[in-house]
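Okay, protein-v2.pdb now, which holds PDB, C-alpha atoms:
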```
ATOM      1  CA  MET S  29     128.825-122.432 296.294
ATOM      2  CA  SER S  30     125.540-120.593 295.692
ATOM      3  CA  THR S  31     127.467-117.635 294.274
ATOM      4  CA  ASN S  32     129.313-119.910 291.876
ATOM      5  CA  LEU S  33     126.042-121.504 290.744
ATOM      6  CA  LYS S  34     124.523-118.056 290.306
ATOM      7  CA  TYR S  35     127.222-116.847 287.933
ATOM      8  CA  LEU S  36     127.516-120.227 286.225
ATOM      9  CA  SER S  37     123.792-120.151 285.399
ATOM     10  CA  LEU S  38     124.219-116.547 284.248
ATOM     11  CA  GLY S  39     127.051-117.495 281.897
ATOM     12  CA  ILE S  40     125.132-120.469 280.515
ATOM     13  CA  LEU S  41     122.076-118.277 279.848
ATOM     14  CA  VAL S  42     124.192-115.687 277.981
ATOM     15  CA  PHE S  43     125.801-118.442 275.907
ATOM     16  CA  GLN S  44     122.529-120.244 275.179
ATOM     17  CA  THR S  45     120.574-117.097 274.237
ATOM     18  CA  THR S  46     123.303-115.616 272.042
ATOM     19  CA  SER S  47     124.337-118.848 270.338
ATOM     20  CA  LEU S  48     120.731-119.885 269.632
ATOM     21  CA  VAL S  49     119.866-116.594 267.935
ATOM     22  CA  LEU S  50     123.064-116.472 265.896
ATOM     23  CA  THR S  51     123.123-120.126 264.832
ATOM     24  CA  MET S  52     119.422-120.055 263.981
ATOM     25  CA  ARG S  53     119.914-116.909 261.890
ATOM     26  CA  TYR S  54     122.992-118.387 260.182
ATOM     27  CA  SER S  55     121.261-121.705 259.485
ATOM     28  CA  ARG S  56     118.292-119.940 257.863
ATOM     29  CA  THR S  57     120.406-117.711 255.602
ATOM     30  CA  LEU S  58     123.274-120.090 254.728
ATOM     31  CA  LYS S  59     123.346-120.803 251.005
ATOM     32  CA  GLU S  60     123.896-124.486 250.291
ATOM     33  CA  GLU S  61     122.892-127.129 247.796
ATOM     34  CA  GLY S  62     119.740-129.136 248.251
ATOM     35  CA  PRO S  63     116.587-128.323 250.230
ATOM     36  CA  ARG S  64     116.838-126.276 253.419
ATOM     37  CA  TYR S  65     115.757-127.939 256.649
ATOM     38  CA  LEU S  66     112.138-127.392 257.657
ATOM     39  CA  SER S  67     111.721-125.253 260.766
ATOM     40  CA  SER S  68     108.491-127.094 261.640
ATOM     41  CA  THR S  69     110.353-130.408 261.958
ATOM     42  CA  ALA S  70     113.110-128.732 264.007
ATOM     43  CA  VAL S  71     110.478-127.538 266.497
ATOM     44  CA  VAL S  72     109.145-131.096 266.897
ATOM     45  CA  ILE S  73     112.614-132.594 267.463
ATOM     46  CA  ALA S  74     113.386-129.857 270.025
ATOM     47  CA  GLU S  75     110.220-130.754 271.961
ATOM     48  CA  LEU S  76     111.148-134.457 271.980
ATOM     49  CA  LEU S  77     114.649-133.643 273.217
ATOM     50  CA  LYS S  78     113.166-131.456 275.968
ATOM     51  CA  ILE S  79     110.981-134.367 277.091
ATOM     52  CA  LEU S  80     114.013-136.665 277.168
ATOM     53  CA  ALA S  81     116.063-134.149 279.194
ATOM     54  CA  CYS S  82     113.238-133.647 281.719
ATOM     55  CA  VAL S  83     112.666-137.394 282.084
ATOM     56  CA  LEU S  84     116.370-137.776 282.889
ATOM     57  CA  LEU S  85     116.102-134.991 285.488
ATOM     58  CA  VAL S  86     113.068-136.653 287.094
ATOM     59  CA  TYR S  87     115.029-139.937 287.032
ATOM     60  CA  LYS S  88     117.845-138.184 288.886
ATOM     61  CA  ASP S  89     115.387-136.758 291.424
ATOM     62  CA  SER S  90     114.025-140.315 291.836
ATOM     63  CA  LYS S  91     117.495-141.409 293.009
ATOM     64  CA  CYS S  92     118.112-143.141 289.669
ATOM     65  CA  ASN S  93     115.457-145.758 290.360
ATOM     66  CA  LEU S  94     113.422-146.842 287.328
ATOM     67  CA  GLN S  95     110.508-148.091 289.420
ATOM     68  CA  THR S  96     110.286-144.764 291.247
ATOM     69  CA  LEU S  97     110.521-142.888 287.936
ATOM     70  CA  ASN S  98     107.715-144.993 286.445
ATOM     71  CA  ARG S  99     105.540-144.429 289.519
ATOM     72  CA  VAL S 100     106.127-140.662 289.504
ATOM     73  CA  LEU S 101     105.310-140.333 285.793
ATOM     74  CA  HIS S 102     102.225-142.539 286.181
ATOM     75  CA  ASP S 103     100.925-140.753 289.286
ATOM     76  CA  GLU S 104     101.668-137.183 288.180
ATOM     77  CA  ILE S 105     100.711-137.420 284.501
ATOM     78  CA  LEU S 106      98.490-140.407 283.658
ATOM     79  CA  ASN S 107      96.483-140.356 286.908
ATOM     80  CA  LYS S 108      95.861-136.610 286.661
ATOM     81  CA  PRO S 109      94.430-136.159 283.139
ATOM     82  CA  MET S 110      92.718-132.845 283.871
ATOM     83  CA  GLU S 111      95.903-131.381 285.356
ATOM     84  CA  THR S 112      97.805-132.586 282.300
ATOM     85  CA  LEU S 113      95.236-131.136 279.876
ATOM     86  CA  LYS S 114      95.729-127.683 281.405
ATOM     87  CA  LEU S 115      99.149-127.605 279.747
ATOM     88  CA  ALA S 116      97.655-127.992 276.257
ATOM     89  CA  ILE S 117      96.912-124.254 275.955
ATOM     90  CA  PRO S 118     100.378-122.845 276.816
ATOM     91  CA  SER S 119     101.991-125.726 274.914
ATOM     92  CA  GLY S 120     100.134-124.838 271.716
ATOM     93  CA  ILE S 121     101.096-121.183 272.118
ATOM     94  CA  TYR S 122     104.747-122.039 272.795
ATOM     95  CA  THR S 123     104.774-124.208 269.658
ATOM     96  CA  LEU S 124     103.441-121.278 267.625
ATOM     97  CA  GLN S 125     106.055-119.016 269.212
ATOM     98  CA  ASN S 126     108.931-121.383 268.389
ATOM     99  CA  ASN S 127     107.863-121.534 264.749
ATOM    100  CA  LEU S 128     107.554-117.738 264.616
ATOM    101  CA  LEU S 129     111.137-117.311 265.855
ATOM    102  CA  TYR S 130     112.383-119.188 262.790
ATOM    103  CA  VAL S 131     110.269-116.912 260.584
ATOM    104  CA  ALA S 132     111.590-113.818 262.357
ATOM    105  CA  LEU S 133     115.263-114.807 262.093
ATOM    106  CA  SER S 134     114.810-115.711 258.435
ATOM    107  CA  ASN S 135     113.839-112.080 257.773
ATOM    108  CA  LEU S 136     115.606-109.978 260.432
ATOM    109  CA  ASP S 137     119.254-109.681 261.442
ATOM    110  CA  ALA S 138     120.144-111.128 264.848
ATOM    111  CA  ALA S 139     120.768-107.744 266.509
ATOM    112  CA  THR S 140     117.409-106.208 265.522
ATOM    113  CA  TYR S 141     115.629-109.415 266.471
ATOM    114  CA  GLN S 142     117.300-109.572 269.913
ATOM    115  CA  VAL S 143     116.384-106.015 270.845
ATOM    116  CA  THR S 144     112.834-106.125 269.474
ATOM    117  CA  TYR S 145     112.124-109.450 271.164
ATOM    118  CA  GLN S 146     112.636-107.776 274.543
ATOM    119  CA  LEU S 147     109.092-106.443 274.113
ATOM    120  CA  LYS S 148     108.138-109.754 275.717
ATOM    121  CA  ILE S 149     108.982-108.014 279.021
ATOM    122  CA  LEU S 150     106.133-105.588 278.312
ATOM    123  CA  THR S 151     103.628-108.259 277.280
ATOM    124  CA  THR S 152     104.553-110.477 280.229
ATOM    125  CA  ALA S 153     104.097-107.561 282.640
ATOM    126  CA  LEU S 154     100.697-106.652 281.200
ATOM    127  CA  PHE S 155      99.453-110.253 281.308
ATOM    128  CA  SER S 156     100.798-110.599 284.874
ATOM    129  CA  VAL S 157      98.770-107.568 285.950
ATOM    130  CA  SER S 158      95.585-108.748 284.232
ATOM    131  CA  MET S 159      95.787-112.517 284.912
ATOM    132  CA  LEU S 160      97.677-112.761 288.206
ATOM    133  CA  SER S 161      96.669-109.377 289.704
ATOM    134  CA  LYS S 162     100.363-108.668 290.067
ATOM    135  CA  LYS S 163     101.331-105.224 291.317
ATOM    136  CA  LEU S 164     104.066-103.309 289.521
ATOM    137  CA  GLY S 165     106.175-100.625 291.163
ATOM    138  CA  VAL S 166     106.945 -97.192 289.769
ATOM    139  CA  TYR S 167     110.370 -98.333 288.518
ATOM    140  CA  GLN S 168     108.785-101.187 286.597
ATOM    141  CA  TRP S 169     106.185 -98.998 284.903
ATOM    142  CA  LEU S 170     108.927 -96.515 284.009
ATOM    143  CA  SER S 171     111.057 -99.315 282.584
ATOM    144  CA  LEU S 172     108.190-100.434 280.320
ATOM    145  CA  VAL S 173     107.876 -96.916 278.881
ATOM    146  CA  ILE S 174     111.641 -96.789 278.282
ATOM    147  CA  LEU S 175     111.488-100.254 276.724
ATOM    148  CA  MET S 176     108.832 -99.254 274.180
ATOM    149  CA  THR S 177     110.768 -96.092 273.333
ATOM    150  CA  GLY S 178     113.984 -98.072 272.827
ATOM    151  CA  VAL S 179     112.362-100.639 270.531
ATOM    152  CA  ALA S 180     110.778 -97.819 268.504
ATOM    153  CA  PHE S 181     114.246 -96.303 267.940
ATOM    154  CA  VAL S 182     115.669 -99.700 266.949
ATOM    155  CA  GLN S 183     112.935-100.082 264.318
ATOM    156  CA  TRP S 184     113.446 -96.523 263.030
ATOM    157  CA  PRO S 185     114.114 -96.613 259.255
ATOM    158  CA  SER S 186     117.727 -95.901 258.284
ATOM    159  CA  ASP S 187     120.017 -95.980 255.264
ATOM    160  CA  SER S 188     121.550 -99.247 256.453
ATOM    161  CA  GLN S 189     118.130-100.867 256.432
ATOM    162  CA  ALA S 190     117.606 -99.644 252.904
ATOM    163  CA  THR S 191     120.900-101.294 251.933
ATOM    164  CA  ALA S 192     119.922-104.528 253.648
ATOM    165  CA  ALA S 193     116.630-104.438 251.782
ATOM    166  CA  LYS S 194     118.531-105.263 248.603
ATOM    167  CA  GLU S 195     118.961-108.800 249.945
ATOM    168  CA  HIS S 196     115.753-108.897 252.008
ATOM    169  CA  SER S 197     112.756-107.076 250.598
ATOM    170  CA  ALA S 198     110.813-104.554 252.640
ATOM    171  CA  GLY S 199     108.026-107.128 252.668
ATOM    172  CA  SER S 200     110.226-109.761 254.297
ATOM    173  CA  GLN S 201     111.434-107.203 256.867
ATOM    174  CA  PHE S 202     107.800-106.503 257.689
ATOM    175  CA  VAL S 203     107.070-110.242 257.963
ATOM    176  CA  GLY S 204     109.989-110.606 260.369
ATOM    177  CA  LEU S 205     108.775-107.724 262.543
ATOM    178  CA  ILE S 206     105.211-109.060 262.666
ATOM    179  CA  ALA S 207     106.556-112.530 263.577
ATOM    180  CA  VAL S 208     108.553-111.043 266.487
ATOM    181  CA  LEU S 209     105.593-109.021 267.757
ATOM    182  CA  ILE S 210     103.242-112.029 267.696
ATOM    183  CA  ALA S 211     105.958-114.103 269.392
ATOM    184  CA  CYS S 212     106.226-111.455 272.126
ATOM    185  CA  PHE S 213     102.499-111.585 272.843
ATOM    186  CA  SER S 214     102.406-115.395 272.731
ATOM    187  CA  SER S 215     105.469-115.590 274.992
ATOM    188  CA  GLY S 216     103.927-113.185 277.503
ATOM    189  CA  PHE S 217     100.573-114.960 277.654
ATOM    190  CA  ALA S 218     101.960-118.515 277.711
ATOM    191  CA  GLY S 219     104.575-117.606 280.320
ATOM    192  CA  VAL S 220     102.032-116.064 282.698
ATOM    193  CA  TYR S 221      99.536-118.881 282.111
ATOM    194  CA  PHE S 222     102.274-121.424 282.897
ATOM    195  CA  GLU S 223     103.248-119.484 286.031
ATOM    196  CA  LYS S 224      99.607-119.476 287.131
ATOM    197  CA  ILE S 225      99.427-123.273 286.743
ATOM    198  CA  LEU S 226     102.681-123.770 288.651
ATOM    199  CA  LYS S 227     101.393-121.669 291.551
ATOM    200  CA  GLU S 228      98.102-123.580 291.709
ATOM    201  CA  THR S 229      99.674-127.052 291.823
ATOM    202  CA  LYS S 230     102.594-128.751 293.579
ATOM    203  CA  GLN S 231     103.991-130.659 290.588
ATOM    204  CA  SER S 232     107.664-130.154 289.814
ATOM    205  CA  VAL S 233     108.707-127.898 286.952
ATOM    206  CA  TRP S 234     110.288-130.913 285.218
ATOM    207  CA  ILE S 235     106.982-132.822 285.220
ATOM    208  CA  ARG S 236     105.258-129.735 283.862
ATOM    209  CA  ASN S 237     107.868-129.444 281.098
ATOM    210  CA  ILE S 238     107.294-133.097 280.153
ATOM    211  CA  GLN S 239     103.596-132.321 279.811
ATOM    212  CA  LEU S 240     104.376-129.206 277.779
ATOM    213  CA  GLY S 241     106.714-131.168 275.530
ATOM    214  CA  PHE S 242     104.125-133.909 274.997
ATOM    215  CA  PHE S 243     101.459-131.520 273.751
ATOM    216  CA  GLY S 244     104.107-129.432 271.957
ATOM    217  CA  SER S 245     105.251-132.411 269.911
ATOM    218  CA  ILE S 246     101.629-133.202 268.974
ATOM    219  CA  PHE S 247     100.881-129.612 267.915
ATOM    220  CA  GLY S 248     104.245-129.508 266.145
ATOM    221  CA  MET S 249     103.463-132.652 264.134
ATOM    222  CA  MET S 250     100.132-131.103 263.147
ATOM    223  CA  GLY S 251     102.064-128.069 261.882
ATOM    224  CA  VAL S 252     104.440-130.284 259.915
ATOM    225  CA  TYR S 253     101.517-132.099 258.280
ATOM    226  CA  ILE S 254      99.538-128.935 257.460
ATOM    227  CA  TYR S 255     102.338-126.651 256.242
ATOM    228  CA  ASP S 256     105.153-128.953 255.127
ATOM    229  CA  GLY S 257     103.455-132.310 254.586
ATOM    230  CA  GLU S 258     104.108-132.307 250.842
ATOM    231  CA  GLN S 259     107.806-131.490 251.242
ATOM    232  CA  VAL S 260     108.231-134.113 253.961
ATOM    233  CA  SER S 261     106.649-136.817 251.781
ATOM    234  CA  LYS S 262     108.913-135.772 248.916
ATOM    235  CA  ASN S 263     112.295-135.256 250.620
ATOM    236  CA  GLY S 264     111.865-136.800 254.074
ATOM    237  CA  PHE S 265     111.409-135.505 257.627
ATOM    238  CA  PHE S 266     115.112-134.764 258.113
ATOM    239  CA  GLN S 267     115.726-133.074 254.766
ATOM    240  CA  GLY S 268     118.506-130.470 254.862
ATOM    241  CA  TYR S 269     119.659-131.459 258.361
ATOM    242  CA  ASN S 270     123.348-131.033 259.129
ATOM    243  CA  LYS S 271     125.529-130.465 262.184
ATOM    244  CA  LEU S 272     124.488-126.809 262.406
ATOM    245  CA  THR S 273     120.807-127.756 262.328
ATOM    246  CA  TRP S 274     121.257-130.190 265.207
ATOM    247  CA  ILE S 275     123.090-127.524 267.214
ATOM    248  CA  VAL S 276     120.117-125.166 266.730
ATOM    249  CA  VAL S 277     117.664-127.905 267.766
ATOM    250  CA  VAL S 278     119.625-128.809 270.912
ATOM    251  CA  LEU S 279     120.022-125.156 271.932
ATOM    252  CA  GLN S 280     116.304-124.559 271.502
ATOM    253  CA  ALA S 281     115.424-127.693 273.477
ATOM    254  CA  LEU S 282     117.655-126.696 276.391
ATOM    255  CA  GLY S 283     116.510-123.063 276.454
ATOM    256  CA  GLY S 284     113.629-123.573 278.879
ATOM    257  CA  LEU S 285     115.751-125.706 281.199
ATOM    258  CA  VAL S 286     118.478-123.047 281.320
ATOM    259  CA  ILE S 287     115.938-120.343 282.184
ATOM    260  CA  ALA S 288     114.563-122.577 284.953
ATOM    261  CA  ALA S 289     118.077-122.915 286.389
ATOM    262  CA  VAL S 290     118.601-119.137 286.261
ATOM    263  CA  ILE S 291     115.308-118.515 288.041
ATOM    264  CA  LYS S 292     116.371-120.993 290.726
ATOM    265  CA  TYR S 293     119.936-119.782 291.314
ATOM    266  CA  ALA S 294     120.026-116.150 290.092
ATOM    267  CA  ASP S 295     117.836-113.078 290.447
ATOM    268  CA  ASN S 296     116.111-110.592 288.119
ATOM    269  CA  ILE S 297     119.101-108.241 288.078
ATOM    270  CA  LEU S 298     121.475-110.953 286.866
ATOM    271  CA  LYS S 299     118.879-112.205 284.396
ATOM    272  CA  GLY S 300     118.648-108.682 282.973
ATOM    273  CA  PHE S 301     122.432-108.495 282.880
ATOM    274  CA  ALA S 302     122.507-111.751 280.893
ATOM    275  CA  THR S 303     119.953-110.373 278.439
ATOM    276  CA  SER S 304     121.983-107.186 277.986
ATOM    277  CA  LEU S 305     125.203-109.102 277.383
ATOM    278  CA  SER S 306     123.397-111.283 274.854
ATOM    279  CA  ILE S 307     122.157-108.221 272.938
ATOM    280  CA  ILE S 308     125.655-106.716 272.832
ATOM    281  CA  LEU S 309     127.282-109.978 271.715
ATOM    282  CA  SER S 310     124.609-110.564 269.054
ATOM    283  CA  THR S 311     125.153-107.060 267.679
ATOM    284  CA  LEU S 312     128.929-107.470 267.518
ATOM    285  CA  ILE S 313     128.809-110.927 265.937
ATOM    286  CA  SER S 314     126.106-109.862 263.448
ATOM    287  CA  TYR S 315     128.347-107.016 262.326
ATOM    288  CA  PHE S 316     131.755-108.727 262.278
ATOM    289  CA  TRP S 317     130.886-112.362 261.494
ATOM    290  CA  LEU S 318     127.476-112.629 259.800
ATOM    291  CA  GLN S 319     127.937-109.205 258.173
ATOM    292  CA  ASP S 320     124.176-108.769 257.797
ATOM    293  CA  PHE S 321     123.859-105.750 260.066
ATOM    294  CA  VAL S 322     125.222-102.205 259.927
ATOM    295  CA  PRO S 323     124.691-100.431 263.271
ATOM    296  CA  THR S 324     123.618 -96.792 263.355
ATOM    297  CA  SER S 325     123.623 -94.193 266.109
ATOM    298  CA  VAL S 326     119.815 -94.455 266.306
ATOM    299  CA  PHE S 327     120.024 -98.235 266.754
ATOM    300  CA  PHE S 328     122.658 -97.897 269.483
ATOM    301  CA  PHE S 329     120.561 -95.323 271.312
ATOM    302  CA  GLY S 330     117.521 -97.580 271.156
ATOM    303  CA  ALA S 331     119.563-100.631 272.261
ATOM    304  CA  VAL S 332     120.945 -98.698 275.257
ATOM    305  CA  LEU S 333     117.380 -97.752 276.247
ATOM    306  CA  VAL S 334     116.263-101.385 275.995
ATOM    307  CA  ILE S 335     119.213-102.578 278.087
ATOM    308  CA  ALA S 336     118.559 -99.860 280.685
ATOM    309  CA  ALA S 337     114.866-100.806 280.789
ATOM    310  CA  THR S 338     115.798-104.467 281.322
ATOM    311  CA  PHE S 339     117.922-103.549 284.348
ATOM    312  CA  LEU S 340     115.340-101.113 285.702
ATOM    313  CA  TYR S 341     112.514-103.672 285.464
ATOM    314  CA  GLY S 342     114.435-106.047 287.727
ATOM    315  CA  TYR S 343     115.443-103.290 290.155
ATOM    316  CA  ASP S 344     113.986-103.816 293.604
ATOM    317  CA  PRO S 345     114.761-100.946 296.007
ATOM    318  CA  LYS S 346     115.095-102.087 299.626
ATOM    319  CA  PRO S 347     112.743 -99.484 301.091
ATOM    320  CA  ALA S 348     109.942-100.507 298.736
ATOM    321  CA  GLY S 349     107.565 -97.733 297.835
ATOM    322  CA  ASN S 350     103.830 -98.117 297.544
ATOM    323  CA  PRO S 351     103.182-100.277 294.490
ATOM    324  CA  ILE S 352     100.580 -99.242 291.984
ATOM    325  CA  LYS S 353      98.193-101.540 290.244
ATOM    326  CA  ALA S 354      96.828-101.212 286.752
TER
END
```
Would you mind writing the structure in this file as structure tokens?
Amino acid sequence: MSTNLKYLSLGILVFQTTSLVLTMRYSRTLKEEGPRYLSSTAVVIAELLKILACVLLVYKDSKCNLQTLNRVLHDEILNKPMETLKLAIPSGIYTLQNNLLYVALSNLDAATYQVTYQLKILTTALFSVSMLSKKLGVYQWLSLVILMTGVAFVQWPSDSQATAAKEHSAGSQFVGLIAVLIACFSSGFAGVYFEKILKETKQSVWIRNIQLGFFGSIFGMMGVYIYDGEQVSKNGFFQGYNKLTWIVVVLQALGGLVIAAVIKYADNILKGFATSLSIILSTLISYFWLQDFVPTSVFFFGAVLVIAATFLYGYDPKPAGNPIKA
């Protein structure tokens, strides 16, 4: 049974990661009449859906008893204001990250985005060493070097990028790259900060996600008001929404829950395998379906290095060597 759950969670993670990137990219580049949906409002709706999903999971853990659910939420959230406030920092960073992903996929093809975004492995590792005093083994340090090399090759200028620049200017390509890099750093810091909080307290991950979603929706609404307030007042909060938009929102909302399931039932090797499969599928679909990406030998070489680094980072040799600490 555990083996089935392991591979089921793996398959769901591959599907969720690949479909989110591709549908988000397609929804931001699809030419249609009327105003395009606002990414800031999509982030807010995703946070609200995440809260709803986590409340349902807590309800399930409470044996489907409303009184027990109400008591758990009251005791774990309202009666512990300082514990709840700790989630404001990672929540604000996650909200920034989610908005940046829309910016990145509006300016970069799905394949380049997928590979470059794996730099979050590097940022997460560095923050883990500095904030959690985590020790990395030789294989992990080697994988980080390979990872940086692979991403550098993926970003290497090529003729195909020059062709793509006819539709997306060099400036927009640069904006997309900067958005991914900032998202990588924010993802690394917020992820490690969240892990630190989880280790210091005994609250369930679902309660913590409700707290994250609460602050995330508040920060998200602030973003809507500051950046898109005029457009919302003119065309409405749900302007440009269609079936594809709702699919993107639902996939983004469920992303954190899927990762939590993978962490629970799978291991780092399978998680790396899922990431590698997602990169390959995104590249193939970008080329054959979206037709916004022309792969080159340099890109493939860089992608192979990134995939290899992902596997190597999760490799844990049985006779563990002496770990080294930065």
Each side padded by 3 Å, which centre and which edge lengths in Å (one decimal) define the axis-aligned box around the listed atoms of segment 229-239 of chain S? Give them as lines of an AutoDock Vina configuration file.
```
center_x = 105.0
center_y = -130.1
center_z = 286.7
size_x = 16.6
size_y = 12.0
size_z = 19.8
```
Would you write out, as a Markdown table, a table of all residues in segment 104-217 of chain S that have an atom no more than 6 Å from an atom of segment 307-330 of chain S, listing for each the closest atom pair and the distance in Å to one decimal, considering all atoms listed in the file and ordering rows by chain and rising residue number?
```
| residue | atom | partner | partner_atom | distance |
| --- | --- | --- | --- | --- |
| S:Ala139 | CA | S:Thr311 | CA | 4.6 |
| S:Gln142 | CA | S:Ile307 | CA | 5.9 |
| S:Gly178 | CA | S:Gly330 | CA | 3.9 |
| S:Phe181 | CA | S:Gly330 | CA | 4.8 |
| S:Val182 | CA | S:Phe327 | CA | 4.6 |
| S:Ser188 | CA | S:Val322 | CA | 5.9 |
```
> Hey, can you check how far atom CA of Ile79 of chain S sits from atom CA of Glu104 of chain S?
Replying inline: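 Atom CA of Glu104 of chain S lies at a distance of 14.8 Å from atom CA of Ile79 of chain S.
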> Counting all atoms listed in the file, what is within 7 Å of segment 112-128 of chain S, bar same-chain residues fewer than 4 positions away, as a list in words?
Replying inline: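 After dropping sequence-adjacent residues, the list is Ser67, Ser68, Val71, Ile105, Lys108, Ala132, Ala207, Ala211, Ser214, Ser215, Ala218, Tyr221, Phe222, Gln239, Leu240, Phe243, Gly244, Phe247 and Gly248 of chain S.
All residues of protein, DNA or RNA that reach within 9 Å of Tyr65 of chain S, judged by only C-alpha atoms and not counting those fewer than 2 positions away in the chain, are Ser55, Arg56, Pro63, Ser67, Ser68, Thr69, Ala70, Phe265, Phe266, Gln267, Gly268, Tyr269, Asn270 and Thr273 of chain S.
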> Distance atom CA of Asp256 of chain S-atom CA of Arg64 of chain S, one decimal place?
Replying inline: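 According to the coordinates, atom CA of Asp256 of chain S and atom CA of Arg64 of chain S are separated by 12.1 Å.
Here atom CA of Ser171 of chain S stands at a distance of 4.5 Å from atom CA of Ala337 of chain S.
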Please report, as CSV, each residue of segment 237-342 of chain S lying at most 12 Å from segment 83-91 of chain S, together with the nearest pair of atoms and the separation in Å rounded to one decimal; use all atoms listed in the file, and order rows by chain and ascending residue number.
```
residue,atom,partner,partner_atom,distance
S:Asn237,CA,S:Val83,CA,9.3
S:Ile238,CA,S:Val83,CA,7.1
S:Gln239,CA,S:Val83,CA,10.6
S:Gly241,CA,S:Val83,CA,10.8
S:Phe242,CA,S:Val83,CA,11.6
S:Leu285,CA,S:Leu85,CA,10.2
```
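Closest approach to Phe217 of chain S among S:Val179, S:Leu150, S:Leu272, S:Val143 is made by S:Leu150 (distances from all atoms listed in the file).
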> Applied to the shown file, which residues does the PyMOL selection byres ((chain S and resi 223) around 12) return, written as a list in words?
Replying inline: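 Checked against the file, the PyMOL selection byres ((chain S and resi 223) around 12) matches Leu115, Pro118, Thr152, Phe155, Ser156, Met159, Leu160, Lys162, Ser215, Gly216, Phe217, Ala218, Gly219, Val220, Tyr221, Phe222, Lys224, Ile225, Leu226, Lys227, Glu228, Thr229, Lys230, Val233, Arg236 and Ala288 of chain S.
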